[in-house]
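What follows is a short report on a single structure.
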Amino acid sequence: MAQSVGIKDVARVAGVSVGTVSNVINRPDTVGPDTRARVLSAIERLGYVRSESARQLRAGRSRIMGLLVLDMGNPFFVDVARGAERAAREAGLGVMVCNSAQSPGEEAEYLALFAEQRVRGVLLTPADATGRNIEAFRRHGIPFVLVDRVAEGTTECSVSVDDVAGGALAVRHLLDAGHRSIAYVSGPPGFNQVRDRRTGALAALAGAGLGPDALRELPTERLDVAAGRDAGARLLGLSDRPTAVFCANDLIALGVLQSLFAAGVSVPGDLALVGYDDIEFAAAAAVPLTSVRQPAATMGALAAGLLLEETGTSDVPHEHRRVVLQPELVVRRSSLAAR
């Protein structure tokens, strides 16, 4: 019933004009208290809900911000969404959260949906390594900010973490523990984050006088627990098994841990393990996981703030910029055995 009730129905029941009802909804201070109470009573009795789409057409701008992430099954992106939603809500906006599931095709479909809905702007963690989806979306003139990825040009903002530094932190920690043969379970090679973490790992090895052959890379098609279990099985099959593993994210690390545990391999006694992101489950794992922490909620809030600036919601003058945050190594039991 609420959807069939219009503003004319409210005006008729309250005995006022349509303009008065509109003023009560949008500019209540311009209406006398008795008339305002009568209109609000009619709205409650009829269950009237104003049409947001109609309001947006009149105003010429949306009150919705789009957020498209790689994997909402990953608590890291849940925290990013939480930070973005908090910043948007403070500005009087809502957030439409969508999940590309690490698929360039699904990413393209959601970007097309955002364009159809004429959202205020978009926060985007790209799944398409070619950049074609972004180029197609750019033609719509809707502002966007990249999250968890550095903008390569000067036409958009980005908020990310220094993944080269993060990879170096993880591998330097393993080197300090005495490991000289390390595996990197890397995830899809097309993702910038995966490549940057590998670059950092290699830099840490070089700093210790070791060549790139000291890093055994095991790529995976996805960044999830199932991919980690598969990588763990491959790791167990190696004749020259490394003594430590660095994983591109915590979900992969948890999958590797499951495979090792099922095979009776001791972590960290037989093999040390380090993840990336420091999701909540990292500390709660059967063997608490050492991980490189990313400030996910802060990333989401900062990205939303940049988008609010760019779309004129904020009073702060906007300039495109790249915000790069620093990671932090959180050491737990999974990497603490002495070599």
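Convention: chains lettered A, B, ... in structure tokens order; per-chain residue numbering from 1; ligands numbered from 1 as shown.
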
Using only C-alpha atoms, determine which residues lie at most 7 Å from Ala127 (chain A), disregarding the query and same-chain residues fewer than 5 positions distant; provide the list as a list of chain:residue names.
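Residues meeting the cut-off are A:Leu70, A:Gln102, A:Ser103, A:Pro104, A:Glu107.
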
Within region 115-279 of chain A, find each residue whose DSSP state, derived from the backbone, is strand (DSSP E or B), and express the selection as a CSV table (one decimal) with all heavy atoms, in the first residue's frame.
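Output (out_15.csv):
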chain,number,residue,atom,x,y,z
A,121,GLY,N,28.9,8.9,-7.3
A,121,GLY,CA,30.2,8.5,-7.6
A,121,GLY,C,30.5,7.1,-7.2
A,121,GLY,O,29.6,6.4,-6.7
A,122,VAL,N,31.6,6.5,-7.5
A,122,VAL,CA,31.9,5.1,-7.3
A,122,VAL,C,33.3,4.9,-6.7
A,122,VAL,O,34.3,5.6,-7.0
A,122,VAL,CB,31.9,4.4,-8.7
A,122,VAL,CG1,32.4,2.9,-8.5
A,122,VAL,CG2,30.5,4.4,-9.3
A,123,LEU,N,33.3,4.0,-5.7
A,123,LEU,CA,34.6,3.6,-5.1
A,123,LEU,C,34.8,2.2,-5.7
A,123,LEU,O,33.9,1.3,-5.7
A,123,LEU,CB,34.5,3.4,-3.6
A,123,LEU,CG,34.0,4.7,-2.9
A,123,LEU,CD1,33.9,4.4,-1.4
A,123,LEU,CD2,35.0,5.9,-3.1
A,124,LEU,N,36.0,2.0,-6.3
A,124,LEU,CA,36.2,0.8,-7.1
A,124,LEU,C,37.5,0.1,-6.8
A,124,LEU,O,38.6,0.8,-6.8
A,124,LEU,CB,36.2,1.2,-8.6
A,124,LEU,CG,36.6,0.1,-9.6
A,124,LEU,CD1,35.6,-1.0,-9.6
A,124,LEU,CD2,36.6,0.8,-11.0
A,144,PHE,N,35.0,8.6,-9.9
A,144,PHE,CA,35.3,7.4,-9.1
A,144,PHE,C,36.7,7.5,-8.5
A,144,PHE,O,37.5,8.3,-8.9
A,144,PHE,CB,35.3,6.2,-10.1
A,144,PHE,CG,36.3,6.2,-11.2
A,144,PHE,CD1,37.5,5.6,-11.0
A,144,PHE,CD2,36.0,6.7,-12.4
A,144,PHE,CE1,38.4,5.5,-12.0
A,144,PHE,CE2,36.9,6.7,-13.4
A,144,PHE,CZ,38.1,6.1,-13.3
A,145,VAL,N,36.8,6.7,-7.4
A,145,VAL,CA,38.1,6.7,-6.7
A,145,VAL,C,38.5,5.2,-6.6
A,145,VAL,O,37.7,4.3,-6.3
A,145,VAL,CB,37.9,7.2,-5.3
A,145,VAL,CG1,39.2,7.0,-4.5
A,145,VAL,CG2,37.6,8.7,-5.3
A,146,LEU,N,39.8,4.9,-6.9
A,146,LEU,CA,40.3,3.5,-6.8
A,146,LEU,C,40.6,3.2,-5.4
A,146,LEU,O,41.2,4.1,-4.7
A,146,LEU,CB,41.5,3.4,-7.7
A,146,LEU,CG,41.3,3.6,-9.2
A,146,LEU,CD1,42.6,3.4,-10.0
A,146,LEU,CD2,40.2,2.7,-9.8
A,147,VAL,N,40.3,2.0,-4.9
A,147,VAL,CA,40.5,1.6,-3.6
A,147,VAL,C,41.4,0.4,-3.6
A,147,VAL,O,41.1,-0.6,-4.4
A,147,VAL,CB,39.2,1.3,-2.8
A,147,VAL,CG1,39.5,0.9,-1.3
A,147,VAL,CG2,38.3,2.5,-2.9
A,157,CYS,N,41.4,9.8,-8.3
A,157,CYS,CA,42.1,9.6,-7.0
A,157,CYS,C,42.2,8.1,-6.7
A,157,CYS,O,41.5,7.3,-7.3
A,157,CYS,CB,41.2,10.3,-5.9
A,157,CYS,SG,41.1,12.1,-6.1
A,158,SER,N,43.0,7.8,-5.8
A,158,SER,CA,43.2,6.5,-5.3
A,158,SER,C,43.6,6.5,-3.8
A,158,SER,O,44.2,7.4,-3.4
A,158,SER,CB,44.2,5.7,-6.1
A,158,SER,OG,45.5,6.2,-6.0
A,159,VAL,N,43.2,5.4,-3.1
A,159,VAL,CA,43.7,5.2,-1.7
A,159,VAL,C,44.2,3.7,-1.7
A,159,VAL,O,43.4,2.8,-2.0
A,159,VAL,CB,42.5,5.4,-0.7
A,159,VAL,CG1,43.1,5.2,0.7
A,159,VAL,CG2,42.0,6.8,-0.8
A,160,SER,N,45.4,3.6,-1.3
A,160,SER,CA,46.0,2.2,-1.3
A,160,SER,C,47.0,2.1,-0.1
A,160,SER,O,47.2,3.1,0.6
A,160,SER,CB,46.6,1.9,-2.6
A,160,SER,OG,47.7,2.8,-2.8
A,161,VAL,N,47.5,0.9,0.0
A,161,VAL,CA,48.6,0.7,0.9
A,161,VAL,C,49.9,0.4,0.1
A,161,VAL,O,49.8,-0.2,-1.0
A,161,VAL,CB,48.2,-0.5,1.9
A,161,VAL,CG1,49.5,-1.0,2.6
A,161,VAL,CG2,47.2,-0.1,2.9
A,182,ILE,N,61.8,-19.6,0.5
A,182,ILE,CA,60.5,-19.1,0.8
A,182,ILE,C,59.6,-19.3,-0.4
A,182,ILE,O,60.0,-19.0,-1.5
A,182,ILE,CB,60.6,-17.6,1.3
A,182,ILE,CG1,61.5,-17.5,2.5
A,182,ILE,CG2,59.2,-17.1,1.5
A,182,ILE,CD1,61.8,-16.0,2.8
A,183,ALA,N,58.4,-19.7,-0.1
A,183,ALA,CA,57.4,-19.8,-1.2
A,183,ALA,C,56.5,-18.6,-1.1
A,183,ALA,O,56.2,-18.1,0.0
A,183,ALA,CB,56.5,-21.1,-1.1
A,184,TYR,N,56.0,-18.1,-2.3
A,184,TYR,CA,55.1,-17.0,-2.3
A,184,TYR,C,53.8,-17.5,-3.1
A,184,TYR,O,53.8,-17.8,-4.3
A,184,TYR,CB,55.6,-15.8,-3.1
A,184,TYR,CG,54.7,-14.6,-3.3
A,184,TYR,CD1,53.8,-14.2,-2.3
A,184,TYR,CD2,54.6,-14.0,-4.5
A,184,TYR,CE1,53.0,-13.2,-2.5
A,184,TYR,CE2,53.7,-12.9,-4.7
A,184,TYR,CZ,52.9,-12.5,-3.7
A,184,TYR,OH,52.0,-11.5,-3.9
A,185,VAL,N,52.7,-17.7,-2.3
A,185,VAL,CA,51.5,-18.1,-2.9
A,185,VAL,C,50.8,-16.8,-3.3
A,185,VAL,O,50.3,-16.0,-2.5
A,185,VAL,CB,50.6,-18.9,-1.9
A,185,VAL,CG1,49.3,-19.3,-2.6
A,185,VAL,CG2,51.4,-20.1,-1.4
A,215,LEU,N,62.9,-17.4,-3.9
A,215,LEU,CA,61.4,-17.2,-3.8
A,215,LEU,C,60.7,-18.2,-4.8
A,215,LEU,O,60.8,-18.0,-6.0
A,215,LEU,CB,61.0,-15.8,-4.0
A,215,LEU,CG,59.6,-15.4,-3.7
A,215,LEU,CD1,59.3,-15.4,-2.2
A,215,LEU,CD2,59.2,-14.1,-4.3
A,216,ARG,N,60.0,-19.1,-4.3
A,216,ARG,CA,59.3,-20.1,-5.1
A,216,ARG,C,57.9,-19.6,-5.2
A,216,ARG,O,57.1,-19.7,-4.3
A,216,ARG,CB,59.4,-21.5,-4.4
A,216,ARG,CG,58.7,-22.6,-5.2
A,216,ARG,CD,59.6,-23.0,-6.4
A,216,ARG,NE,59.1,-24.2,-7.0
A,216,ARG,CZ,59.5,-25.4,-6.7
A,216,ARG,NH1,60.4,-25.6,-5.8
A,216,ARG,NH2,59.0,-26.5,-7.3
A,217,GLU,N,57.5,-19.2,-6.4
A,217,GLU,CA,56.1,-18.7,-6.6
A,217,GLU,C,55.1,-19.7,-7.0
A,217,GLU,O,55.3,-20.5,-7.9
A,217,GLU,CB,56.1,-17.6,-7.6
A,217,GLU,CG,54.8,-16.8,-7.7
A,217,GLU,CD,54.9,-15.5,-8.5
A,217,GLU,OE1,56.0,-15.2,-9.0
A,217,GLU,OE2,53.8,-14.9,-8.6
A,218,LEU,N,54.0,-19.7,-6.3
A,218,LEU,CA,52.9,-20.6,-6.5
A,218,LEU,C,51.6,-19.8,-6.8
A,218,LEU,O,50.9,-19.4,-5.9
A,218,LEU,CB,52.6,-21.6,-5.4
A,218,LEU,CG,53.7,-22.5,-4.9
A,218,LEU,CD1,53.3,-23.3,-3.7
A,218,LEU,CD2,54.0,-23.5,-6.1
A,244,ALA,N,59.3,-21.8,4.6
A,244,ALA,CA,58.4,-20.7,4.9
A,244,ALA,C,57.5,-20.3,3.7
A,244,ALA,O,57.9,-20.5,2.6
A,244,ALA,CB,59.2,-19.5,5.4
A,245,VAL,N,56.3,-19.8,4.0
A,245,VAL,CA,55.4,-19.4,3.0
A,245,VAL,C,54.9,-18.1,3.3
A,245,VAL,O,54.4,-17.8,4.4
A,245,VAL,CB,54.2,-20.4,2.9
A,245,VAL,CG1,53.2,-20.0,1.8
A,245,VAL,CG2,54.7,-21.8,2.7
A,246,PHE,N,54.9,-17.2,2.3
A,246,PHE,CA,54.3,-15.9,2.3
A,246,PHE,C,53.1,-15.9,1.4
A,246,PHE,O,53.2,-16.3,0.2
A,246,PHE,CB,55.3,-14.8,2.0
A,246,PHE,CG,54.7,-13.4,1.7
A,246,PHE,CD1,53.7,-12.9,2.5
A,246,PHE,CD2,55.1,-12.7,0.6
A,246,PHE,CE1,53.1,-11.7,2.3
A,246,PHE,CE2,54.6,-11.4,0.4
A,246,PHE,CZ,53.6,-10.9,1.2
A,247,CYS,N,51.9,-15.5,1.8
A,247,CYS,CA,50.7,-15.6,1.0
A,247,CYS,C,50.2,-14.2,0.7
A,247,CYS,O,50.3,-13.3,1.5
A,247,CYS,CB,49.6,-16.4,1.7
A,247,CYS,SG,50.0,-18.1,2.1
A,272,ALA,N,56.9,-22.2,8.4
A,272,ALA,CA,56.4,-20.9,8.9
A,272,ALA,C,55.4,-20.3,7.8
A,272,ALA,O,55.6,-20.5,6.6
A,272,ALA,CB,57.5,-19.9,9.2
A,273,LEU,N,54.5,-19.5,8.3
A,273,LEU,CA,53.4,-19.0,7.4
A,273,LEU,C,53.1,-17.6,7.8
A,273,LEU,O,52.9,-17.2,8.9
A,273,LEU,CB,52.2,-19.9,7.6
A,273,LEU,CG,51.0,-19.6,6.7
A,273,LEU,CD1,51.3,-19.9,5.2
A,273,LEU,CD2,49.8,-20.5,7.1
A,274,VAL,N,53.0,-16.7,6.7
A,274,VAL,CA,52.7,-15.3,6.9
A,274,VAL,C,51.6,-14.9,5.9
A,274,VAL,O,51.7,-15.3,4.7
A,274,VAL,CB,53.9,-14.4,6.7
A,274,VAL,CG1,53.5,-12.9,6.7
A,274,VAL,CG2,55.0,-14.7,7.7
A,275,GLY,N,50.6,-14.2,6.3
A,275,GLY,CA,49.5,-13.8,5.4
A,275,GLY,C,49.6,-12.3,5.2
A,275,GLY,O,50.6,-11.6,5.5
A,276,TYR,N,48.5,-11.8,4.6
A,276,TYR,CA,48.4,-10.3,4.3
A,276,TYR,C,47.0,-9.8,4.4
A,276,TYR,O,46.1,-10.5,3.9
A,276,TYR,CB,48.9,-10.1,2.9
A,276,TYR,CG,49.5,-8.7,2.6
A,276,TYR,CD1,50.8,-8.5,2.4
A,276,TYR,CD2,48.6,-7.6,2.4
A,276,TYR,CE1,51.3,-7.3,2.1
A,276,TYR,CE2,49.1,-6.4,2.1
A,276,TYR,CZ,50.5,-6.2,2.0
A,276,TYR,OH,51.0,-5.0,1.7
A,277,ASP,N,46.8,-8.7,5.1
A,277,ASP,CA,45.5,-8.0,5.3
A,277,ASP,C,45.2,-7.9,6.8
A,277,ASP,O,44.7,-7.0,7.3
A,277,ASP,CB,44.3,-8.7,4.7
A,277,ASP,CG,44.3,-8.5,3.2
A,277,ASP,OD1,45.0,-7.6,2.7
A,277,ASP,OD2,43.6,-9.3,2.5

Using only C-alpha atoms, which residues sit within 12 Å of region 35-50 of chain A once same-chain residues fewer than 5 positions away are excluded, as a PyMOL selection string?
chain A and resi 1-30+55-56

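Considering only C-alpha atoms, the residue among A:Ile134, A:Leu307, A:Leu236, A:Leu169 positioned nearest to Ile64 (chain A) is A:Leu307.
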
Find the residue from A:Thr130, A:Thr298, A:Thr243, A:Asn74 that sits nearest to Arg180 (chain A); use only C-alpha atoms when measuring.
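Closest to Arg180 (chain A) of all the choices is A:Thr243.
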
Quick one: residues within 10 Å of Ser266 (chain A), only C-alpha atoms counted, chain neighbours fewer than 5 positions away excluded, as a PDB file with N, CA and C atoms, in the first residue's frame?
ATOM      1  N   LEU A 257      47.011 -23.187   5.466  1.00  0.00           N
ATOM      2  CA  LEU A 257      47.086 -23.736   6.822  1.00  0.00           C
ATOM      3  C   LEU A 257      46.210 -24.976   6.960  1.00  0.00           C
ATOM      4  N   LEU A 260      48.013 -27.932   5.284  1.00  0.00           N
ATOM      5  CA  LEU A 260      49.155 -28.375   6.071  1.00  0.00           C
ATOM      6  C   LEU A 260      48.697 -29.121   7.317  1.00  0.00           C
ATOM      7  N   PHE A 261      47.666 -28.600   7.961  1.00  0.00           N
ATOM      8  CA  PHE A 261      47.149 -29.230   9.180  1.00  0.00           C
ATOM      9  C   PHE A 261      46.619 -30.633   8.866  1.00  0.00           C
ATOM     10  N   LEU A 271      57.038 -25.573   9.056  1.00  0.00           N
ATOM     11  CA  LEU A 271      56.908 -24.560   7.997  1.00  0.00           C
ATOM     12  C   LEU A 271      56.263 -23.301   8.577  1.00  0.00           C
ATOM     13  N   ALA A 272      56.927 -22.172   8.395  1.00  0.00           N
ATOM     14  CA  ALA A 272      56.396 -20.892   8.879  1.00  0.00           C
ATOM     15  C   ALA A 272      55.431 -20.302   7.844  1.00  0.00           C
ATOM     16  N   VAL A 287      46.173 -21.914  14.431  1.00  0.00           N
ATOM     17  CA  VAL A 287      47.497 -21.351  14.726  1.00  0.00           C
ATOM     18  C   VAL A 287      47.416 -19.876  14.366  1.00  0.00           C
ATOM     19  N   SER A 334      52.264 -18.291  13.976  1.00  0.00           N
ATOM     20  CA  SER A 334      52.480 -19.074  12.758  1.00  0.00           C
ATOM     21  C   SER A 334      53.877 -18.915  12.163  1.00  0.00           C
TER      22      SER A 334
END

Taking only C-alpha atoms into account, name the residue in A:Leu175, A:Val324, A:Ile279, A:Leu205 that is nearest to Val80 (chain A).
A:Ile279

Identify, on the basis of only C-alpha atoms, every residue whose closest approach to region 84-94 of chain A does not exceed 6 Å; exclude the query and any residue fewer than 6 positions from it along the same chain; express the result as a list of chain:residue names.
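The filter keeps A:Arg63, A:Ile64, A:Gly300, A:Ala301, A:Ala304.
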
One decimal, in Å: what's the spacing between CA of Gly66 (chain A) and CA of Leu111 (chain A)?
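For CA of Gly66 (chain A) relative to CA of Leu111 (chain A), the distance reads 8.9 Å.
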
CA of Val330 (chain A) and CA of Thr290 (chain A), how far apart in Å?
5.7 Å

Calculated over only C-alpha atoms, which of the candidates A:Arg120, A:Ala168, A:Gly264, A:Ala81 has the smallest distance to Pro327 (chain A)?
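That would be A:Ala168, the residue with the smallest distance to Pro327 (chain A).
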